[in-house]
>>> print(open('run-v7.cif').read())   # mmCIF, C-alpha atoms
data_data
loop_
_atom_site.label_atom_id
_atom_site.label_comp_id
_atom_site.auth_asym_id
_atom_site.auth_seq_id
_atom_site.Cartn_x
_atom_site.Cartn_y
_atom_site.Cartn_z
CA MET A 1 -0.38 -28.69 13.01
CA GLN A 2 2.86 -30.36 13.98
CA THR A 3 5.13 -28.41 16.31
CA GLY A 4 8.75 -29.21 17.10
CA LYS A 5 9.88 -29.84 13.51
CA GLN A 6 13.40 -29.01 12.40
CA LEU A 7 13.78 -26.65 9.43
CA ALA A 8 14.23 -28.93 6.43
CA VAL A 9 13.80 -28.91 2.65
CA ARG A 10 12.45 -31.88 0.70
CA GLU A 11 12.48 -32.48 -3.06
CA THR A 12 9.42 -33.62 -5.01
CA PRO A 13 8.77 -35.34 -8.37
CA ILE A 14 8.47 -31.85 -9.94
CA PRO A 15 11.97 -30.47 -10.59
CA GLY A 16 12.62 -27.30 -8.58
CA PHE A 17 9.42 -27.68 -6.54
CA LEU A 18 10.40 -27.95 -2.87
CA VAL A 19 8.58 -28.69 0.40
CA ILE A 20 9.84 -26.82 3.45
CA ASP A 21 9.23 -28.10 6.97
CA LEU A 22 8.99 -25.10 9.30
CA PRO A 23 9.61 -25.11 13.05
CA VAL A 24 6.49 -23.86 14.84
CA HIS A 25 6.77 -22.91 18.50
CA GLY A 26 3.53 -23.01 20.45
CA ASP A 27 2.26 -22.39 23.94
CA ASN A 28 -0.99 -21.42 25.64
CA ARG A 29 -0.99 -18.07 23.78
CA GLY A 30 -0.81 -19.59 20.31
CA TRP A 31 2.21 -20.15 18.08
CA PHE A 32 5.13 -18.45 16.29
CA LYS A 33 7.18 -19.38 13.23
CA GLU A 34 9.84 -17.85 11.02
CA ASN A 35 7.94 -18.17 7.76
CA TRP A 36 10.74 -16.97 5.50
CA GLN A 37 14.30 -16.65 6.80
CA ARG A 38 16.55 -16.11 3.81
CA GLU A 39 19.92 -17.09 5.29
CA LYS A 40 18.70 -20.32 6.90
CA GLN A 41 16.63 -21.42 3.92
CA LEU A 42 19.32 -20.67 1.35
CA ALA A 43 21.72 -22.78 3.42
CA LEU A 44 19.29 -25.70 3.01
CA GLY A 45 19.07 -25.35 -0.77
CA LEU A 46 16.19 -22.98 -1.46
CA PRO A 47 16.91 -20.69 -4.42
CA ASP A 48 17.59 -17.02 -3.73
CA PHE A 49 14.47 -15.96 -5.61
CA GLY A 50 14.30 -12.34 -4.41
CA PRO A 51 10.68 -11.85 -3.31
CA VAL A 52 9.20 -8.41 -4.05
CA GLN A 53 5.55 -8.85 -3.07
CA ASN A 54 3.55 -10.71 -0.41
CA ASN A 55 -0.05 -11.74 -1.15
CA ILE A 56 -2.70 -13.30 1.07
CA SER A 57 -5.76 -15.17 -0.13
CA PHE A 58 -8.39 -15.33 2.62
CA ASN A 59 -10.86 -18.19 2.20
CA ALA A 60 -13.97 -17.93 4.38
CA THR A 61 -15.31 -21.45 3.91
CA ALA A 62 -13.95 -24.95 3.55
CA GLY A 63 -14.10 -26.08 -0.06
CA VAL A 64 -12.95 -22.85 -1.70
CA THR A 65 -10.81 -24.12 -4.59
CA ARG A 66 -8.48 -21.91 -6.65
CA GLY A 67 -6.23 -22.62 -9.67
CA ILE A 68 -4.74 -24.44 -11.61
CA HIS A 69 -2.64 -21.63 -13.07
CA ALA A 70 1.06 -21.08 -13.72
CA GLU A 71 2.31 -17.52 -13.55
CA PRO A 72 5.53 -15.95 -14.85
CA TRP A 73 7.14 -15.79 -11.38
CA ASP A 74 8.27 -18.05 -8.56
CA LYS A 75 6.18 -18.43 -5.38
CA TYR A 76 6.91 -19.29 -1.78
CA ILE A 77 3.60 -20.47 -0.30
CA SER A 78 2.55 -20.99 3.29
CA VAL A 79 -0.57 -20.94 5.42
CA ALA A 80 -1.01 -18.45 8.25
CA ALA A 81 -4.29 -19.93 9.49
CA GLY A 82 -6.21 -23.08 8.62
CA ARG A 83 -5.21 -25.88 6.26
CA VAL A 84 -5.20 -26.39 2.51
CA PHE A 85 -4.87 -29.30 0.15
CA GLY A 86 -2.33 -28.05 -2.39
CA ALA A 87 -2.03 -29.49 -5.90
CA TRP A 88 0.61 -28.62 -8.49
CA VAL A 89 1.10 -29.66 -12.10
CA ASP A 90 4.30 -29.11 -14.07
CA LEU A 91 3.18 -27.13 -17.14
CA ARG A 92 6.70 -26.43 -18.41
CA GLU A 93 7.94 -28.02 -21.62
CA GLY A 94 10.26 -30.95 -21.01
CA PRO A 95 10.43 -34.45 -19.55
CA SER A 96 8.54 -33.56 -16.35
CA PHE A 97 5.59 -31.99 -18.21
CA GLY A 98 2.36 -33.18 -16.58
CA ALA A 99 4.00 -34.38 -13.33
CA THR A 100 1.75 -33.71 -10.33
CA PHE A 101 2.34 -33.30 -6.62
CA THR A 102 -0.15 -32.86 -3.77
CA ILE A 103 0.30 -32.18 -0.07
CA GLU A 104 -1.72 -30.83 2.83
CA ILE A 105 -0.29 -27.55 4.07
CA ASP A 106 -0.75 -26.20 7.58
CA PRO A 107 1.37 -23.49 9.26
CA SER A 108 4.26 -25.97 9.70
CA ILE A 109 4.76 -26.55 5.95
CA ALA A 110 5.65 -24.22 3.10
CA VAL A 111 6.36 -24.91 -0.57
CA PHE A 112 8.51 -23.27 -3.22
CA VAL A 113 6.84 -23.26 -6.65
CA PRO A 114 9.04 -22.44 -9.65
CA ARG A 115 7.55 -20.39 -12.48
CA GLY A 116 5.70 -22.50 -14.99
CA VAL A 117 4.32 -24.95 -12.43
CA GLY A 118 0.53 -24.78 -12.14
CA ASN A 119 -0.58 -23.86 -8.64
CA SER A 120 -3.91 -24.70 -7.01
CA PHE A 121 -5.36 -25.29 -3.59
CA GLN A 122 -8.52 -26.18 -1.74
CA ALA A 123 -9.28 -24.74 1.71
CA LEU A 124 -9.93 -27.53 4.20
CA GLU A 125 -11.07 -25.28 7.05
CA GLU A 126 -13.07 -22.09 7.45
CA ASP A 127 -11.08 -18.85 7.73
CA THR A 128 -7.98 -20.15 5.95
CA ALA A 129 -5.28 -17.58 5.13
CA TYR A 130 -3.03 -18.67 2.24
CA SER A 131 0.06 -16.50 1.95
CA TYR A 132 2.60 -16.31 -0.87
CA LEU A 133 5.74 -14.37 -1.67
CA VAL A 134 6.45 -13.73 -5.35
CA ASN A 135 9.52 -12.43 -7.15
CA ASP A 136 7.76 -10.15 -9.62
CA HIS A 137 4.92 -7.65 -9.38
CA TRP A 138 1.50 -8.51 -10.72
CA SER A 139 0.47 -6.58 -13.82
CA ALA A 140 -2.33 -6.84 -16.35
CA GLU A 141 0.29 -7.56 -19.03
CA ALA A 142 1.61 -10.54 -17.04
CA GLN A 143 -1.78 -12.25 -17.32
CA SER A 144 -1.06 -12.90 -21.00
CA GLU A 145 1.78 -15.17 -19.84
CA TYR A 146 -0.39 -17.31 -17.53
CA THR A 147 -0.95 -20.96 -18.35
CA PHE A 148 -4.18 -22.55 -17.11
CA LEU A 149 -5.40 -26.08 -16.58
CA ASN A 150 -8.94 -27.06 -15.63
CA LEU A 151 -9.26 -28.17 -11.99
CA ALA A 152 -10.98 -31.36 -13.19
CA ASP A 153 -8.55 -32.13 -16.03
CA PRO A 154 -8.48 -35.95 -16.29
CA THR A 155 -4.81 -36.05 -17.30
CA ALA A 156 -3.81 -34.37 -14.01
CA ALA A 157 -6.35 -36.50 -12.08
CA ILE A 158 -6.16 -34.44 -8.88
CA ALA A 159 -8.00 -36.27 -6.06
CA TRP A 160 -9.63 -33.24 -4.42
CA PRO A 161 -10.65 -34.03 -0.81
CA ILE A 162 -13.87 -32.04 -1.26
CA PRO A 163 -15.42 -33.04 -4.60
CA LEU A 164 -15.38 -30.15 -7.07
CA GLU A 165 -19.15 -30.30 -7.54
CA GLN A 166 -19.46 -29.46 -3.80
CA ALA A 167 -16.66 -26.85 -3.81
CA GLU A 168 -16.66 -23.08 -4.32
CA LEU A 169 -14.59 -22.67 -7.51
CA SER A 170 -12.62 -19.66 -8.66
#
>>> encode(input="run-v7.cif", output="structure tokens")
Amino acid sequence: MQTGKQLAVRETPIPGFLVIDLPVHGDNRGWFKENWQREKQLALGLPDFGPVQNNISFNATAGVTRGIHAEPWDKYISVAAGRVFGAWVDLREGPSFGATFTIEIDPSIAVFVPRGVGNSFQALEEDTAYSYLVNDHWSAEAQSEYTFLNLADPTAAIAWPIPLEQAELS
């Protein structure tokens, strides 16, 4: 994990999908970060997406792989412990349909995922905690609006660091 970063927002090939560099302050006790700070992040161009729920996916072993699914809400994703390889595919209609983006996320990086972009990740370490804020509440009815893509879809061609045949798949 890189400490000493400045808070910054980077664009990606997927429109509206943003990478956020987070300052992490560490010492002999561990580390601290402001994971979501509305005023500062809005000033850098993040949308004011109004999170209403925080979820955490705990992944006990390296190789746990989840996704690729697009939900009917926006997500702000970060890692509280461990590291993940994140992979996203634009599943929205339009000129960027099928665009992919991958990045390794540790506690010093977050991403903003707009609704309609397929989200997936693979835990790279044991005891990885993947956290995400969303701007709508989960409901059984919302599942009918999900869009899915197979993790091994050849058109997305995600280069998973741990081969899927050796991974624990959701």
>>> resolve_selection(input="run-v7.cif", expression="the PyMOL selection byres ((chain A and resi 167) around 12)", output="list in words")
Thr61, Ala62, Gly63, Val64, Thr65, Arg66, Phe121, Gln122, Ala123, Leu124, Leu151, Ala152, Trp160, Pro161, Ile162, Pro163, Leu164, Glu165, Gln166, Glu168, Leu169 and Ser170 of chain A
>>> resolve_selection(input="run-v7.cif", expression="the PyMOL selection byres ((chain A and resi 100) around 10)", output="PDB file with C-alpha atoms, in the coordinates of the input")
ATOM      1  CA  THR A  12       9.420 -33.620  -5.010  1.00  0.00           C
ATOM      2  CA  PRO A  13       8.770 -35.340  -8.370  1.00  0.00           C
ATOM      3  CA  ILE A  14       8.470 -31.850  -9.940  1.00  0.00           C
ATOM      4  CA  ALA A  87      -2.030 -29.490  -5.900  1.00  0.00           C
ATOM      5  CA  TRP A  88       0.610 -28.620  -8.490  1.00  0.00           C
ATOM      6  CA  VAL A  89       1.100 -29.660 -12.100  1.00  0.00           C
ATOM      7  CA  ASP A  90       4.300 -29.110 -14.070  1.00  0.00           C
ATOM      8  CA  LEU A  91       3.180 -27.130 -17.140  1.00  0.00           C
ATOM      9  CA  SER A  96       8.540 -33.560 -16.350  1.00  0.00           C
ATOM     10  CA  PHE A  97       5.590 -31.990 -18.210  1.00  0.00           C
ATOM     11  CA  GLY A  98       2.360 -33.180 -16.580  1.00  0.00           C
ATOM     12  CA  ALA A  99       4.000 -34.380 -13.330  1.00  0.00           C
ATOM     13  CA  PHE A 101       2.340 -33.300  -6.620  1.00  0.00           C
ATOM     14  CA  THR A 102      -0.150 -32.860  -3.770  1.00  0.00           C
ATOM     15  CA  VAL A 117       4.320 -24.950 -12.430  1.00  0.00           C
ATOM     16  CA  GLY A 118       0.530 -24.780 -12.140  1.00  0.00           C
ATOM     17  CA  THR A 155      -4.810 -36.050 -17.300  1.00  0.00           C
ATOM     18  CA  ALA A 156      -3.810 -34.370 -14.010  1.00  0.00           C
ATOM     19  CA  ALA A 157      -6.350 -36.500 -12.080  1.00  0.00           C
ATOM     20  CA  ILE A 158      -6.160 -34.440  -8.880  1.00  0.00           C
TER      21      ILE A 158
END
>>> atom_distance(input="run-v7.cif", atom1="atom CA of A:Pro114", atom2="atom CA of A:Ala140")
20.4 Å
>>> residues_around(input="run-v7.cif", residues="A:Ala110", least_positions_apart="2", cutoff="12 Å", atoms="all atoms listed in the file", output="ChimeraX atom specification")
/A:7-10,17-24,33-36,41,46,75-80,83-84,86,103-108,112-113,130-133
>>> atom_distance(input="run-v7.cif", atom1="atom CA of A:Ser144", atom2="atom CA of A:Val52")
20.3 Å
>>> atom_distance(input="run-v7.cif", atom1="atom CA of A:Ile68", atom2="atom CA of A:Ile109")
20.1 Å
>>> closest_residue(input="run-v7.cif", among="A:Ile56, A:Asp153, A:Gly116, A:His25", to="A:Ala129", atoms="only C-alpha atoms")
A:Ile56
>>> closest_residue(input="run-v7.cif", among="A:Gln6, A:Gln143, A:Asn135, A:Asn150", to="A:Pro47", atoms="only C-alpha atoms")
A:Asn135
>>> residues_around(input="run-v7.cif", residues="A:Val134", least_positions_apart="4", cutoff="6 Å", atoms="all atoms listed in the file", output="PDB file with C-alpha atoms, keeping the file's coordinate frame")
ATOM      1  CA  PRO A  51      10.680 -11.850  -3.310  1.00  0.00           C
ATOM      2  CA  GLN A  53       5.550  -8.850  -3.070  1.00  0.00           C
ATOM      3  CA  ASP A  74       8.270 -18.050  -8.560  1.00  0.00           C
ATOM      4  CA  LYS A  75       6.180 -18.430  -5.380  1.00  0.00           C
TER       5      LYS A  75
END
>>> closest_residue(input="run-v7.cif", among="A:Asp136, A:Glu141, A:Asp127, A:Asp48", to="A:Ala60", atoms="all atoms listed in the file")
A:Asp127
>>> closest_residue(input="run-v7.cif", among="A:Ala159, A:Ala142, A:Leu44, A:Met1", to="A:Gly30", atoms="all atoms listed in the file")
A:Met1
>>> decode(input="run-v7.cif", residues="stretch 54-92 of chain A", atoms="N, CA and C atoms", output="short mmCIF file (atom, residue, chain, number, x, y, z; two decimals), in the first residue's frame")
data_model
loop_
_atom_site.label_atom_id
_atom_site.label_comp_id
_atom_site.auth_asym_id
_atom_site.auth_seq_id
_atom_site.Cartn_x
_atom_site.Cartn_y
_atom_site.Cartn_z
N ASN A 54 -23.94 1.10 3.25
CA ASN A 54 -22.55 0.66 3.18
C ASN A 54 -22.52 -0.86 3.32
N ASN A 55 -21.85 -1.54 2.38
CA ASN A 55 -21.75 -2.99 2.40
C ASN A 55 -20.29 -3.40 2.47
N ILE A 56 -20.03 -4.54 3.09
CA ILE A 56 -18.68 -5.08 3.15
C ILE A 56 -18.74 -6.55 2.74
N SER A 57 -17.87 -6.91 1.82
CA SER A 57 -17.71 -8.29 1.39
C SER A 57 -16.40 -8.79 1.97
N PHE A 58 -16.46 -9.72 2.91
CA PHE A 58 -15.25 -10.29 3.50
C PHE A 58 -14.89 -11.53 2.71
N ASN A 59 -13.62 -11.64 2.33
CA ASN A 59 -13.14 -12.73 1.49
C ASN A 59 -11.99 -13.42 2.21
N ALA A 60 -12.24 -14.63 2.69
CA ALA A 60 -11.30 -15.32 3.58
C ALA A 60 -10.03 -15.78 2.88
N THR A 61 -10.13 -16.11 1.59
CA THR A 61 -8.95 -16.65 0.91
C THR A 61 -8.64 -15.87 -0.36
N ALA A 62 -7.38 -15.89 -0.74
CA ALA A 62 -6.99 -15.33 -2.02
C ALA A 62 -7.63 -16.17 -3.11
N GLY A 63 -8.07 -15.51 -4.17
CA GLY A 63 -8.70 -16.21 -5.29
C GLY A 63 -10.20 -16.13 -5.31
N VAL A 64 -10.83 -15.68 -4.20
CA VAL A 64 -12.28 -15.49 -4.24
C VAL A 64 -12.57 -14.47 -5.34
N THR A 65 -13.47 -14.83 -6.26
CA THR A 65 -13.76 -13.98 -7.42
C THR A 65 -15.27 -13.77 -7.50
N ARG A 66 -15.69 -12.51 -7.55
CA ARG A 66 -17.12 -12.17 -7.56
C ARG A 66 -17.43 -11.27 -8.75
N GLY A 67 -18.64 -11.43 -9.31
CA GLY A 67 -19.10 -10.59 -10.42
C GLY A 67 -19.21 -11.45 -11.65
N ILE A 68 -19.33 -10.89 -12.80
CA ILE A 68 -19.43 -9.50 -13.25
C ILE A 68 -20.92 -9.16 -13.29
N HIS A 69 -21.35 -8.20 -12.49
CA HIS A 69 -22.75 -7.81 -12.52
C HIS A 69 -22.88 -6.30 -12.39
N ALA A 70 -23.87 -5.77 -13.09
CA ALA A 70 -24.19 -4.34 -13.05
C ALA A 70 -25.53 -4.20 -12.34
N GLU A 71 -25.56 -3.35 -11.35
CA GLU A 71 -26.77 -3.16 -10.55
C GLU A 71 -27.39 -1.79 -10.85
N PRO A 72 -28.63 -1.58 -10.44
CA PRO A 72 -29.29 -0.31 -10.74
C PRO A 72 -28.96 0.79 -9.72
N TRP A 73 -27.69 0.90 -9.33
CA TRP A 73 -27.24 1.98 -8.45
C TRP A 73 -25.76 2.23 -8.69
N ASP A 74 -25.31 3.39 -8.23
CA ASP A 74 -23.89 3.73 -8.30
C ASP A 74 -23.19 3.14 -7.08
N LYS A 75 -21.87 2.91 -7.21
CA LYS A 75 -21.06 2.35 -6.11
C LYS A 75 -19.78 3.16 -5.94
N TYR A 76 -19.38 3.30 -4.70
CA TYR A 76 -18.07 3.84 -4.35
C TYR A 76 -17.36 2.72 -3.61
N ILE A 77 -16.31 2.17 -4.23
CA ILE A 77 -15.67 0.94 -3.75
C ILE A 77 -14.28 1.24 -3.21
N SER A 78 -13.98 0.60 -2.09
CA SER A 78 -12.63 0.67 -1.53
C SER A 78 -12.33 -0.64 -0.81
N VAL A 79 -11.10 -0.76 -0.36
CA VAL A 79 -10.67 -1.94 0.38
C VAL A 79 -10.22 -1.49 1.76
N ALA A 80 -10.75 -2.15 2.79
CA ALA A 80 -10.36 -1.82 4.16
C ALA A 80 -9.18 -2.67 4.61
N ALA A 81 -9.04 -3.86 4.05
CA ALA A 81 -7.93 -4.75 4.38
C ALA A 81 -7.66 -5.63 3.17
N GLY A 82 -6.38 -5.88 2.88
CA GLY A 82 -6.02 -6.73 1.78
C GLY A 82 -5.89 -5.98 0.46
N ARG A 83 -5.98 -6.74 -0.62
CA ARG A 83 -5.88 -6.20 -1.97
C ARG A 83 -6.80 -6.98 -2.89
N VAL A 84 -7.34 -6.29 -3.89
CA VAL A 84 -8.14 -6.96 -4.92
C VAL A 84 -7.67 -6.53 -6.29
N PHE A 85 -7.91 -7.41 -7.25
CA PHE A 85 -7.81 -7.07 -8.66
C PHE A 85 -9.25 -6.77 -9.07
N GLY A 86 -9.53 -5.53 -9.42
CA GLY A 86 -10.87 -5.14 -9.84
C GLY A 86 -10.98 -5.11 -11.35
N ALA A 87 -12.12 -5.55 -11.87
CA ALA A 87 -12.37 -5.56 -13.31
C ALA A 87 -13.78 -5.05 -13.56
N TRP A 88 -13.92 -4.12 -14.52
CA TRP A 88 -15.21 -3.53 -14.82
C TRP A 88 -15.44 -3.54 -16.31
N VAL A 89 -16.69 -3.74 -16.70
CA VAL A 89 -17.09 -3.78 -18.10
C VAL A 89 -18.30 -2.88 -18.25
N ASP A 90 -18.24 -1.96 -19.22
CA ASP A 90 -19.37 -1.08 -19.47
C ASP A 90 -20.46 -1.89 -20.16
N LEU A 91 -21.58 -2.09 -19.46
CA LEU A 91 -22.71 -2.85 -20.01
C LEU A 91 -23.88 -1.96 -20.40
N ARG A 92 -23.63 -0.66 -20.44
CA ARG A 92 -24.66 0.31 -20.84
C ARG A 92 -24.69 0.42 -22.36
#
